[in-house]
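*Asks:* This one is upload28.txt, compact mmCIF, C-alpha atoms.
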# COMPACT_ATOMS: atom_id res chain seq x y z
CA MET A 1 12.95 77.64 238.48
CA LYS A 2 12.15 80.61 240.63
CA PRO A 3 8.61 81.89 241.08
CA ARG A 4 7.47 85.11 239.49
CA PRO A 5 7.14 87.97 241.99
CA PHE A 6 4.14 88.10 244.35
CA ASP A 7 3.11 89.98 247.47
CA TYR A 8 3.28 88.09 250.76
CA ALA A 9 0.86 88.47 253.65
CA ARG A 10 0.97 86.61 256.93
CA PRO A 11 -2.22 87.47 258.81
CA ASP A 12 -2.32 87.10 262.59
CA THR A 13 -5.97 85.99 262.73
CA VAL A 14 -8.41 84.04 260.59
CA ASP A 15 -10.51 87.20 260.20
CA GLU A 16 -7.53 89.02 258.73
CA ALA A 17 -7.02 86.13 256.29
CA LEU A 18 -10.71 86.28 255.26
CA ALA A 19 -10.48 90.07 254.80
CA LEU A 20 -7.51 89.59 252.46
CA LEU A 21 -9.40 86.94 250.50
CA ALA A 22 -12.39 89.28 250.22
CA GLU A 23 -10.07 92.02 248.95
CA TYR A 24 -8.05 90.00 246.43
CA GLY A 25 -10.37 87.10 245.46
CA ASP A 26 -8.96 85.12 242.52
CA ASP A 27 -5.72 87.08 242.62
CA ALA A 28 -4.86 85.55 246.00
CA ARG A 29 -3.66 82.06 246.83
CA ILE A 30 -3.77 80.54 250.28
CA LEU A 31 -0.35 79.28 251.36
CA ALA A 32 -0.74 76.57 254.01
CA GLY A 33 1.89 73.83 253.57
CA GLY A 34 2.84 74.95 250.06
CA GLN A 35 3.81 71.44 248.94
CA SER A 36 1.68 71.71 245.79
CA LEU A 37 1.44 75.50 245.51
CA ILE A 38 5.15 76.35 245.64
CA PRO A 39 6.19 73.70 243.06
CA MET A 40 3.56 75.15 240.69
CA LEU A 41 4.83 78.68 241.36
CA ASN A 42 8.47 77.59 240.94
CA LEU A 43 7.64 75.89 237.65
CA ARG A 44 5.63 78.98 236.68
CA LEU A 45 2.56 76.90 235.95
CA ILE A 46 0.53 79.41 237.93
CA ASP A 47 0.81 83.00 239.13
CA ALA A 48 -0.45 84.76 242.21
CA LYS A 49 -0.66 88.46 243.00
CA VAL A 50 -0.57 87.74 246.71
CA LEU A 51 0.10 84.70 248.87
CA ILE A 52 -1.82 84.59 252.14
CA ASP A 53 0.23 82.49 254.56
CA ILE A 54 -2.06 80.75 257.08
CA SER A 55 0.55 78.26 258.29
CA ARG A 56 1.10 80.01 261.62
CA LEU A 57 -2.59 80.49 262.53
CA ALA A 58 -2.99 78.45 265.73
CA ALA A 59 -6.79 78.63 265.44
CA LEU A 60 -6.56 76.51 262.27
CA ASP A 61 -3.99 74.06 263.65
CA ALA A 62 -6.39 71.81 265.56
CA ILE A 63 -7.73 68.27 265.27
CA SER A 64 -11.12 68.22 267.06
CA ASP A 65 -12.99 65.05 268.02
CA HIS A 66 -16.73 65.73 267.78
CA GLY A 67 -17.74 62.14 268.51
CA ASP A 68 -19.24 61.14 265.18
CA MET A 69 -16.75 63.13 263.14
CA ILE A 70 -13.20 64.44 263.35
CA GLU A 71 -12.60 68.00 262.22
CA VAL A 72 -9.14 68.83 260.87
CA GLY A 73 -8.19 72.51 260.61
CA ALA A 74 -6.53 74.12 257.61
CA ALA A 75 -3.07 74.41 259.16
CA VAL A 76 -2.87 70.76 260.33
CA THR A 77 -0.08 68.93 258.51
CA GLN A 78 -0.47 65.44 257.11
CA ASN A 79 2.15 64.10 259.54
CA LYS A 80 0.39 65.74 262.49
CA LEU A 81 -2.80 63.86 261.58
CA MET A 82 -0.76 60.68 261.04
CA ALA A 83 0.62 61.01 264.58
CA TRP A 84 -2.80 61.80 266.13
CA PRO A 85 -3.42 59.05 268.73
CA GLY A 86 -7.06 58.42 267.74
CA LEU A 87 -6.35 57.94 264.04
CA ASP A 88 -6.20 54.12 263.81
CA ASP A 89 -9.37 53.62 265.84
CA LYS A 90 -11.53 56.44 264.55
CA LEU A 91 -10.30 57.08 261.01
CA PRO A 92 -8.81 53.77 259.85
CA LEU A 93 -9.28 54.60 256.16
CA VAL A 94 -7.39 57.88 256.57
CA ALA A 95 -4.71 55.99 258.51
CA ALA A 96 -4.38 53.58 255.57
CA ALA A 97 -4.29 56.37 252.97
CA LEU A 98 -1.88 58.84 254.60
CA PRO A 99 1.34 56.82 254.13
CA TYR A 100 0.76 57.10 250.37
CA VAL A 101 0.61 60.92 250.49
CA GLY A 102 3.90 62.28 249.16
CA HIS A 103 6.91 61.59 251.35
CA PHE A 104 7.82 61.96 255.05
CA GLN A 105 9.48 65.29 254.27
CA THR A 106 6.52 66.74 252.33
CA ARG A 107 3.98 65.40 254.87
CA ASN A 108 5.90 67.31 257.55
CA ARG A 109 4.67 70.48 255.94
CA GLY A 110 1.84 69.61 253.53
CA THR A 111 -1.62 70.04 255.03
CA VAL A 112 -4.67 67.78 254.98
CA CYS A 113 -6.98 70.62 253.89
CA GLY A 114 -4.48 71.86 251.32
CA SER A 115 -4.45 68.49 249.59
CA ILE A 116 -8.26 68.49 249.49
CA ALA A 117 -8.42 72.12 248.31
CA HIS A 118 -5.84 71.43 245.59
CA ALA A 119 -8.16 68.67 244.26
CA ASP A 120 -5.71 66.61 242.25
CA PRO A 121 -7.75 63.75 240.74
CA SER A 122 -5.21 61.13 241.83
CA SER A 123 -4.80 62.47 245.38
CA GLU A 124 -5.40 60.15 248.33
CA LEU A 125 -7.03 62.48 250.87
CA PRO A 126 -9.81 63.78 248.56
CA LEU A 127 -10.59 60.15 247.73
CA ALA A 128 -10.74 59.16 251.41
CA LEU A 129 -12.98 62.15 252.20
CA ALA A 130 -15.33 61.29 249.30
CA VAL A 131 -15.61 57.58 250.16
CA LEU A 132 -16.28 58.38 253.82
CA GLY A 133 -18.92 60.96 252.87
CA GLY A 134 -17.05 63.76 254.65
CA GLU A 135 -17.54 67.49 254.49
CA VAL A 136 -15.58 70.65 253.73
CA VAL A 137 -16.01 73.76 255.90
CA LEU A 138 -15.71 76.99 253.89
CA ARG A 139 -15.54 80.44 255.45
CA SER A 140 -15.74 83.91 253.95
CA LYS A 141 -15.94 87.42 255.29
CA GLN A 142 -19.23 88.22 253.55
CA ARG A 143 -21.21 85.02 253.95
CA GLY A 144 -19.74 83.40 257.03
CA GLU A 145 -19.55 79.62 257.06
CA ARG A 146 -20.98 77.06 254.66
CA ILE A 147 -20.51 73.33 254.64
CA LEU A 148 -20.34 71.21 251.51
CA ALA A 149 -20.35 67.45 251.11
CA ALA A 150 -17.03 66.22 249.68
CA GLN A 151 -18.73 65.18 246.44
CA ALA A 152 -20.23 68.66 246.02
CA PHE A 153 -16.92 70.34 246.85
CA GLN A 154 -14.60 68.71 244.31
CA LYS A 155 -16.08 69.33 240.87
CA ASP A 156 -13.33 68.29 238.49
CA MET A 157 -9.57 68.15 238.02
CA LEU A 158 -8.08 70.90 240.26
CA THR A 159 -11.54 72.50 240.36
CA THR A 160 -13.72 72.93 243.43
CA ALA A 161 -16.89 74.74 244.47
CA ARG A 162 -14.86 77.15 246.62
CA GLU A 163 -15.72 80.78 245.83
CA PRO A 164 -12.75 83.14 245.32
CA ASP A 165 -13.27 84.82 248.71
CA GLU A 166 -13.61 81.55 250.63
CA LEU A 167 -11.08 79.77 252.81
CA VAL A 168 -11.15 76.00 253.22
CA ALA A 169 -11.11 76.33 257.01
CA ALA A 170 -11.45 72.64 257.89
CA VAL A 171 -12.52 69.23 256.66
CA ARG A 172 -14.67 66.73 258.57
CA PHE A 173 -14.10 62.98 258.40
CA PRO A 174 -16.97 60.79 259.70
CA VAL A 175 -15.82 58.35 262.41
CA LEU A 176 -15.96 54.73 261.27
CA ALA A 177 -14.95 52.76 264.35
CA GLY A 178 -14.89 49.01 264.00
CA GLN A 179 -15.85 48.87 260.34
CA GLY A 180 -13.99 47.37 257.45
CA VAL A 181 -11.75 49.56 255.36
CA ALA A 182 -8.95 49.06 252.85
CA PHE A 183 -6.83 51.34 250.68
CA ARG A 184 -4.45 50.59 247.85
CA GLU A 185 -2.77 52.55 245.14
CA VAL A 186 -0.63 51.87 242.11
CA ALA A 187 2.25 54.26 241.39
CA ARG A 188 5.57 53.92 239.58
CA ARG A 189 7.48 54.63 242.78
CA HIS A 190 6.44 55.06 246.40
CA GLY A 191 5.36 58.66 246.98
CA ASP A 192 4.65 59.40 243.31
CA PHE A 193 1.25 60.55 242.16
CA ALA A 194 -1.09 57.58 242.05
CA ILE A 195 -1.88 56.09 238.66
CA ILE A 196 -5.02 54.78 240.34
CA ALA A 197 -6.09 54.60 243.97
CA ILE A 198 -8.82 52.36 245.41
CA ALA A 199 -10.58 52.82 248.74
CA ALA A 200 -13.23 50.51 250.20
CA VAL A 201 -15.46 50.97 253.23
CA PHE A 202 -18.25 48.75 254.60
CA ARG A 203 -20.82 50.68 256.54
CA ASN A 204 -24.53 50.38 257.25
CA GLN A 205 -24.76 47.16 255.25
CA GLU A 206 -23.35 48.91 252.23
CA LEU A 207 -20.06 48.72 250.41
CA HIS A 208 -18.62 52.09 249.34
CA LEU A 209 -15.93 51.63 246.73
CA GLY A 210 -13.95 54.70 245.69
CA ALA A 211 -11.79 55.26 242.63
CA GLY A 212 -9.05 57.87 242.30
CA GLY A 213 -7.19 58.60 239.07
CA LEU A 214 -10.07 57.46 236.87
CA SER A 215 -11.77 60.78 236.26
CA GLY A 216 -11.44 64.44 237.13
CA ARG A 217 -12.50 63.75 240.70
CA PRO A 218 -12.91 60.80 243.07
CA GLN A 219 -15.86 58.56 242.19
CA VAL A 220 -17.78 56.36 244.61
CA LEU A 221 -19.79 53.21 243.86
CA ARG A 222 -22.32 52.04 246.47
CA VAL A 223 -23.35 48.37 246.51
CA PRO A 224 -25.81 46.94 249.08
CA ALA A 225 -24.11 44.18 251.09
CA GLU A 226 -26.79 41.60 250.28
CA ASP A 227 -25.86 41.90 246.61
CA TYR A 228 -22.27 41.10 247.38
CA PRO A 229 -20.41 39.22 246.01
CA HIS A 230 -22.28 37.97 242.95
CA LEU A 231 -23.31 41.40 241.73
CA LEU A 232 -20.12 43.17 242.66
CA ALA A 233 -17.99 42.05 239.72
CA ASN A 234 -20.61 43.25 237.25
CA ASP A 235 -21.07 46.47 239.19
CA VAL A 236 -17.35 47.17 239.13
CA VAL A 237 -17.17 46.58 235.39
CA ARG A 238 -20.13 48.89 234.74
CA PHE A 239 -18.78 51.48 237.16
CA VAL A 240 -15.30 51.58 235.71
CA GLU A 241 -16.54 51.64 232.11
CA GLY A 242 -18.56 54.72 233.00
CA LEU A 243 -15.43 56.60 234.03
CA GLU A 244 -13.66 58.42 231.25
CA GLY A 245 -10.18 58.08 232.76
CA TYR A 246 -7.35 60.18 231.37
CA ASP A 247 -4.10 59.59 229.54
CA ASP A 248 -0.82 60.93 230.81
CA LEU A 249 2.87 60.07 230.76
CA HIS A 250 2.37 57.24 233.26
CA ALA A 251 -0.68 55.37 231.99
CA SER A 252 -3.44 55.38 229.42
CA ALA A 253 -7.10 55.67 230.43
CA ALA A 254 -7.57 52.05 229.35
CA MET A 255 -4.70 50.87 231.56
CA ARG A 256 -6.17 52.77 234.52
CA ARG A 257 -9.53 51.03 234.02
CA ASP A 258 -7.82 47.64 233.69
CA LEU A 259 -5.88 48.18 236.91
CA PHE A 260 -9.05 49.10 238.76
CA ARG A 261 -11.04 46.14 237.37
CA ASN A 262 -8.31 43.74 238.40
CA LEU A 263 -7.46 45.15 241.82
CA ALA A 264 -10.86 46.24 243.16
CA SER A 265 -11.96 42.78 244.34
CA GLY A 266 -8.77 42.35 246.38
CA VAL A 267 -9.31 45.67 248.12
CA VAL A 268 -12.97 44.84 248.80
CA GLY A 269 -11.91 41.45 250.19
CA GLU A 270 -9.41 43.10 252.51
CA ALA A 271 -12.06 45.53 253.77
CA MET A 272 -14.46 42.61 254.41
CA ARG A 273 -11.85 40.63 256.32
CA CYS A 274 -11.02 43.73 258.32
CA ALA A 275 -14.76 44.17 259.15
CA ALA A 276 -15.16 40.55 260.23
CA MET B 1 0.10 91.15 260.15
CA ARG B 2 3.32 90.80 258.18
CA ARG B 3 2.90 92.23 254.66
CA VAL B 4 5.64 92.48 252.07
CA ASN B 5 5.17 93.88 248.57
CA ARG B 6 6.61 91.95 245.65
CA SER B 7 9.50 94.32 244.96
CA GLU B 8 10.21 95.10 248.59
CA ARG B 9 13.29 93.65 250.25
CA VAL B 10 12.82 93.08 253.95
CA ARG B 11 15.11 91.96 256.73
CA VAL B 12 14.52 88.30 257.55
CA ALA B 13 16.01 87.16 260.86
CA LEU B 14 16.27 83.53 261.87
CA THR B 15 18.43 81.19 263.91
CA LEU B 16 20.77 79.19 261.70
CA ASN B 17 22.63 76.37 263.43
CA GLY B 18 22.37 78.15 266.75
CA ARG B 19 23.42 81.61 265.53
CA ARG B 20 21.03 84.55 265.13
CA LEU B 21 21.47 85.80 261.56
CA ALA B 22 19.59 88.17 259.28
CA ALA B 23 19.67 89.22 255.65
CA GLU B 24 17.38 90.86 253.14
CA ALA B 25 14.90 88.93 251.03
CA GLU B 26 12.04 89.69 248.68
CA PRO B 27 8.86 87.58 249.05
CA ARG B 28 9.63 85.19 246.19
CA MET B 29 13.08 84.22 247.52
CA LEU B 30 13.19 80.53 248.42
CA LEU B 31 14.75 79.49 251.72
CA SER B 32 17.23 77.30 249.80
CA ASP B 33 18.58 80.37 247.96
CA PHE B 34 18.44 82.51 251.10
CA LEU B 35 20.61 80.02 253.00
CA ARG B 36 23.15 79.65 250.20
CA GLN B 37 23.29 83.12 248.67
CA SER B 38 22.32 85.48 251.48
CA LEU B 39 23.69 83.66 254.51
CA GLY B 40 26.55 81.84 252.77
CA ALA B 41 25.59 78.42 254.11
CA THR B 42 26.27 76.39 251.00
CA GLY B 43 26.05 72.96 252.61
CA THR B 44 22.38 72.77 251.64
CA HIS B 45 22.24 71.72 247.99
CA VAL B 46 19.69 72.73 245.37
CA GLY B 47 18.58 70.09 242.90
CA CYS B 48 15.13 70.08 241.37
CA GLU B 49 13.54 73.11 243.05
CA HIS B 50 10.13 71.50 243.13
CA GLY B 51 10.31 69.22 246.12
CA ILE B 52 11.13 65.92 244.41
CA CYS B 53 14.87 65.31 244.85
CA GLY B 54 15.28 66.08 248.56
CA ALA B 55 18.78 67.62 248.27
CA CYS B 56 17.66 70.85 249.98
CA THR B 57 16.04 69.19 253.01
CA VAL B 58 16.71 71.14 256.22
CA LEU B 59 15.26 71.14 259.73
CA ILE B 60 12.86 73.97 260.58
CA ASP B 61 12.02 73.89 264.28
CA GLY B 62 13.44 70.36 264.30
CA VAL B 63 11.26 69.06 261.46
CA ALA B 64 12.70 67.93 258.10
CA GLN B 65 11.31 69.99 255.23
CA ARG B 66 12.18 71.07 251.71
CA ALA B 67 13.95 74.44 251.74
CA CYS B 68 12.99 74.89 248.07
CA LEU B 69 9.29 74.70 249.00
CA THR B 70 9.64 77.27 251.78
CA LEU B 71 9.86 81.01 251.28
CA ALA B 72 12.65 82.79 253.14
CA VAL B 73 10.03 85.06 254.78
CA GLN B 74 8.24 81.97 256.08
CA ALA B 75 11.35 80.99 258.03
CA GLU B 76 11.37 84.34 259.82
CA GLY B 77 11.96 83.79 263.54
CA ARG B 78 12.36 80.03 263.06
CA ASP B 79 15.15 77.71 264.18
CA VAL B 80 16.78 76.37 261.01
CA ARG B 81 19.39 73.62 261.06
CA THR B 82 21.43 72.52 258.08
CA VAL B 83 24.14 69.95 257.45
CA GLU B 84 26.72 72.44 258.77
CA SER B 85 25.32 71.84 262.27
CA LEU B 86 26.18 68.13 262.39
CA ALA B 87 29.95 67.86 262.73
CA ALA B 88 31.77 69.15 265.83
CA ALA B 89 33.70 72.43 265.68
CA ASP B 90 36.96 70.48 265.15
CA GLY B 91 35.43 68.70 262.15
CA ALA B 92 34.78 65.40 263.93
CA LEU B 93 31.84 63.67 262.24
CA ASN B 94 28.73 62.93 264.26
CA PRO B 95 27.63 59.25 264.50
CA LEU B 96 25.26 59.51 261.52
CA GLN B 97 27.93 61.12 259.33
CA ALA B 98 30.53 58.60 260.53
CA ALA B 99 28.19 55.75 259.62
CA PHE B 100 27.80 57.19 256.10
CA ARG B 101 31.58 57.22 255.75
CA ASN B 102 31.99 53.70 257.14
CA ASN B 103 29.45 52.27 254.73
CA HIS B 104 30.42 54.16 251.58
CA ALA B 105 26.95 55.72 251.68
CA LEU B 106 27.98 58.60 249.46
CA GLN B 107 30.00 59.06 246.33
CA CYS B 108 29.51 62.50 244.79
CA GLY B 109 27.77 63.69 247.95
CA PHE B 110 25.25 65.96 246.25
CA CYS B 111 22.21 64.32 247.85
CA THR B 112 23.91 63.65 251.20
CA PRO B 113 23.19 66.90 253.12
CA GLY B 114 19.44 66.48 252.62
CA ILE B 115 19.49 62.79 253.52
CA LEU B 116 21.47 63.50 256.69
CA MET B 117 18.92 66.11 257.79
CA SER B 118 15.92 63.83 257.08
CA PHE B 119 17.43 61.10 259.23
CA THR B 120 18.46 63.55 261.95
CA ASP B 121 14.69 64.20 262.25
CA LEU B 122 13.67 60.53 261.97
CA LEU B 123 16.23 59.27 264.51
CA ALA B 124 15.20 62.00 266.98
CA ARG B 125 11.57 60.80 266.76
CA ASN B 126 12.31 57.12 266.42
CA PRO B 127 15.84 56.13 267.53
CA HIS B 128 15.48 52.52 266.32
CA PRO B 129 13.56 52.55 263.04
CA SER B 130 12.88 49.36 261.11
CA GLU B 131 14.41 48.92 257.68
CA GLY B 132 10.95 49.58 256.23
CA GLU B 133 10.70 52.87 258.10
CA ILE B 134 14.19 53.85 256.93
CA ARG B 135 13.33 53.05 253.32
CA GLU B 136 10.05 54.97 253.58
CA VAL B 137 11.88 58.15 254.65
CA LEU B 138 14.69 57.54 252.13
CA SER B 139 12.07 57.39 249.36
CA GLY B 140 11.87 61.17 249.73
CA HIS B 141 15.41 61.50 248.34
CA LEU B 142 17.04 60.79 245.01
CA CYS B 143 20.62 59.48 244.90
CA ARG B 144 22.09 58.93 241.43
CA CYS B 145 25.46 57.40 242.18
CA THR B 146 25.98 55.38 245.35
CA GLY B 147 22.63 53.63 245.36
CA TYR B 148 20.40 53.18 248.32
CA ALA B 149 21.64 49.91 249.87
CA ASN B 150 24.71 51.50 251.46
CA ILE B 151 22.66 54.45 252.69
CA VAL B 152 20.21 52.08 254.40
CA ALA B 153 23.15 50.18 255.93
CA ALA B 154 24.66 53.43 257.24
CA ILE B 155 21.42 54.53 258.87
CA LYS B 156 20.95 51.12 260.48
CA GLU B 157 24.47 51.34 261.85
CA ALA B 158 23.86 54.84 263.22
CA ALA B 159 20.58 53.71 264.78
CA ASN B 160 22.19 50.69 266.39
CA GLY B 161 24.91 52.83 267.90
CA THR B 162 27.59 50.78 266.20
CA ALA B 163 29.14 53.61 264.23
CA GLY B 164 32.83 53.00 263.93
CA ALA B 165 32.44 49.23 264.17
CA ALA B 166 32.41 48.71 260.43
CA PRO B 167 35.82 48.59 258.78
CA ASN B 168 36.99 51.98 257.60
CA PRO B 169 37.81 52.23 253.91
CA SER B 170 41.53 52.45 253.25
CA PRO B 171 42.73 56.03 252.98
Rewrite the coordinates I just gave you, this time as structure tokens.

*Replies:*
Amino acid sequence: MKPRPFDYARPDTVDEALALLAEYGDDARILAGGQSLIPMLNLRLIDAKVLIDISRLAALDAISDHGDMIEVGAAVTQNKLMAWPGLDDKLPLVAAALPYVGHFQTRNRGTVCGSIAHADPSSELPLALAVLGGEVVLRSKQRGERILAAQAFQKDMLTTAREPDELVAAVRFPVLAGQGVAFREVARRHGDFAIIAIAAVFRNQELHLGAGGLSGRPQVLRVPAEDYPHLLANDVVRFVEGLEGYDDLHASAAMRRDLFRNLASGVVGEAMRCAA
Amino acid sequence: MRRVNRSERVRVALTLNGRRLAAEAEPRMLLSDFLRQSLGATGTHVGCEHGICGACTVLIDGVAQRACLTLAVQAEGRDVRTVESLAAADGALNPLQAAFRNNHALQCGFCTPGILMSFTDLLARNPHPSEGEIREVLSGHLCRCTGYANIVAAIKEAANGTAGAAPNPSP
């Protein structure tokens, strides 16, 4: 289980990284934490002509508080964000989701942006970003910077709107101080890929309920608070029946939908209590 | 910018357990193989090679990470510590190792080097972890013979500074 050969480049600046991406496009892979990329290379599920290692770029290793949103750079590890002092107050949903991301040892190296760029449909951080209505900052040598809403960024299973010459330079989580949030996932063992994940946020008199593991990308249901709770149960049933789900070794699509139907109200209740 | 072509072998220098060492590596060489095959430090074990089992966990700049998910070239210039760094020069076990021995926290010992390095990191950050925190970190390792209860007991003993208090197994 050794990777096939590839070239290795460790640029000293973000501009050098963007120049390499412009040169190699689809033949290049960005290596940030490598906690998804290197397993796939080792298992020879994917190939790369060149790996562009951005893990040492200090310019990308920053968590910036912009008041109404927190920007997390591409080299910031999951454990660095977990240890960020403002996390519980400003990003309580992210604080609730992060302990489910892999293990202590993989979070020490795995990055927040890498998880979102990888776009696994059962991943916790893409779900949190989608439910919060966050954004992805993309940069390229030719076109400079563009910003996409989370829901426009992740298109399907392991598929995003990133162009081959673009770097996911940062992600932006909206600040949700003092509002109700809850996160729960079902997995065979702690740290495994989620069979399903559920995230709930109350904001602006609206419930945002997110589902991971039920389609190729995170899905979000919005229910006005005045309709809660009598409409919610019906909404959840309609919502979950509209999601195709997928079968794998761990669960059938039908089991995923059943889990969501049965657990969603508990997660919503927790978010409401937490908002009260 | 550091650039290495796929077939090129370059000198990779790093600090291993306090000693400056260097050897040649091509880009695709994993740090786990570099440590064992190029530097001869075979204390770090290789299990699954995709980040699941935890046997290859080492400290890079003091932080526990999977050596099998790190390229040797990525460790260039870094401070790497492996299980060989734990015992004293005369072979005396450190408190964490002694606690593993006291509690029968290993049988075949294949997973042990990685577990010891994970908890070297955890105990440096958090000298008195709760049992929940210990179990959370231990969930990043697979042990197929001893079971986890004795490992948790050993780490609690090491964290409480009571290593040596538990009865030693008969020789």

*Asks:* Quick one: residues within 6 Å of (27.7, 51.8, 248.5) (file frame), counting only C-alpha atoms, please, as a list in words.

*Replies:*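 Residues with an atom at most 6 Å from (27.7, 51.8, 248.5): His104, Ala105, Thr146 and Asn150 of chain B.
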
*Asks:* Can you write out as CSV which residues of chain B fall within 8 Å of chain A, alongside each residue's closest atom pair and its distance in Å to one decimal, counting only C-alpha atoms and ordering rows by chain and ascending residue number?

*Replies:*
residue,atom,partner,partner_atom,distance
B:Met1,CA,A:Pro11,CA,4.6
B:Arg2,CA,A:Arg10,CA,5.0
B:Arg3,CA,A:Ala9,CA,4.4
B:Val4,CA,A:Tyr8,CA,5.2
B:Asn5,CA,A:Asp7,CA,4.5
B:Arg6,CA,A:Asp7,CA,4.4
B:Ser7,CA,A:Pro5,CA,7.4
B:Pro27,CA,A:Tyr8,CA,5.9
B:Arg28,CA,A:Pro5,CA,5.6
B:Met29,CA,A:Lys2,CA,7.8
B:Leu30,CA,A:Lys2,CA,7.9
B:Glu49,CA,A:Met1,CA,6.5
B:His50,CA,A:Pro39,CA,4.5
B:Gly51,CA,A:Pro39,CA,6.8
B:Thr57,CA,A:Gln105,CA,7.7
B:Val63,CA,A:Asn108,CA,6.9
B:Ala64,CA,A:Gln105,CA,5.7
B:Gln65,CA,A:Gln105,CA,5.1
B:Arg66,CA,A:Gln105,CA,6.9
B:Leu69,CA,A:Ile38,CA,5.6
B:Thr70,CA,A:Gly34,CA,7.4
B:Ser118,CA,A:Gln105,CA,7.2
B:Glu136,CA,A:Phe104,CA,7.5
B:Val137,CA,A:Phe104,CA,5.6
B:Ser139,CA,A:His190,CA,6.8
B:Gly140,CA,A:His103,CA,5.2

*Asks:* With all atoms listed in the file as the counted atoms, please give the residues lying no more than 12 Å from Thr44 of chain B, apart from itself and same-chain residues fewer than 3 positions off, as a PyMOL selection string.

*Replies:* chain B and resi 31-37+39-41+47+54-59+65-68+80-85+109-117

*Asks:* Include C-alpha atoms and write out the residues we just selected as a compact mmCIF listing (two decimals), in the frame of the given file.

*Replies:*
# COMPACT_ATOMS: atom_id res chain seq x y z
CA LEU B 31 14.75 79.49 251.72
CA SER B 32 17.23 77.30 249.80
CA ASP B 33 18.58 80.37 247.96
CA PHE B 34 18.44 82.51 251.10
CA LEU B 35 20.61 80.02 253.00
CA ARG B 36 23.15 79.65 250.20
CA GLN B 37 23.29 83.12 248.67
CA LEU B 39 23.69 83.66 254.51
CA GLY B 40 26.55 81.84 252.77
CA ALA B 41 25.59 78.42 254.11
CA GLY B 47 18.58 70.09 242.90
CA GLY B 54 15.28 66.08 248.56
CA ALA B 55 18.78 67.62 248.27
CA CYS B 56 17.66 70.85 249.98
CA THR B 57 16.04 69.19 253.01
CA VAL B 58 16.71 71.14 256.22
CA LEU B 59 15.26 71.14 259.73
CA GLN B 65 11.31 69.99 255.23
CA ARG B 66 12.18 71.07 251.71
CA ALA B 67 13.95 74.44 251.74
CA CYS B 68 12.99 74.89 248.07
CA VAL B 80 16.78 76.37 261.01
CA ARG B 81 19.39 73.62 261.06
CA THR B 82 21.43 72.52 258.08
CA VAL B 83 24.14 69.95 257.45
CA GLU B 84 26.72 72.44 258.77
CA SER B 85 25.32 71.84 262.27
CA GLY B 109 27.77 63.69 247.95
CA PHE B 110 25.25 65.96 246.25
CA CYS B 111 22.21 64.32 247.85
CA THR B 112 23.91 63.65 251.20
CA PRO B 113 23.19 66.90 253.12
CA GLY B 114 19.44 66.48 252.62
CA ILE B 115 19.49 62.79 253.52
CA LEU B 116 21.47 63.50 256.69
CA MET B 117 18.92 66.11 257.79

*Asks:* Listing only residues of segment 37-97 of chain A within 12 Å of segment 134-147 of chain A, what is the closest atom pair and its distance in Å (to one decimal) for each, using only C-alpha atoms, sorted by chain and residue number ascending, as a tab-separated table?

*Replies:*
residue	atom	partner	partner_atom	distance
A:Leu60	CA	A:Val137	CA	11.7
A:Asp68	CA	A:Gly134	CA	11.1
A:Met69	CA	A:Gly134	CA	8.5
A:Ile70	CA	A:Gly134	CA	9.5
A:Glu71	CA	A:Glu135	CA	9.2
A:Val72	CA	A:Val136	CA	9.8
A:Gly73	CA	A:Val137	CA	9.2
A:Ala74	CA	A:Val137	CA	9.6
A:Leu91	CA	A:Gly134	CA	11.4
A:Val94	CA	A:Gly134	CA	11.5

*Asks:* One decimal, in Å: what's the spacing between atom CA of Phe239 of chain A and atom CA of Leu221 of chain A?

*Replies:*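 According to the coordinates, atom CA of Phe239 of chain A and atom CA of Leu221 of chain A are separated by 7.0 Å.
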
*Asks:* Would you compute the distance between atom CA of Ala170 of chain A and atom CA of Leu132 of chain A? Give it in Å to one decimal.

*Replies:*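 One can read the atom CA of Ala170 of chain A to atom CA of Leu132 of chain A distance as 15.6 Å.
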
*Asks:* How far is it from atom CA of Arg184 of chain A to atom CA of Gly86 of chain A, in Å with one decimal?

*Replies:*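 Going from atom CA of Arg184 of chain A over to atom CA of Gly86 of chain A covers 21.5 Å.
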
*Asks:* List the residues sitting within 12 Å of (-10.7, 40.1, 257.9) in the file's frame, using only C-alpha atoms, as a list in words.

*Replies:*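 Here is the list of nearby residues: Gly178, Gln179, Gly180, Val181, Ala182, Phe202, Gly266, Val267, Val268, Gly269, Glu270, Ala271, Met272, Arg273, Cys274, Ala275 and Ala276 of chain A.
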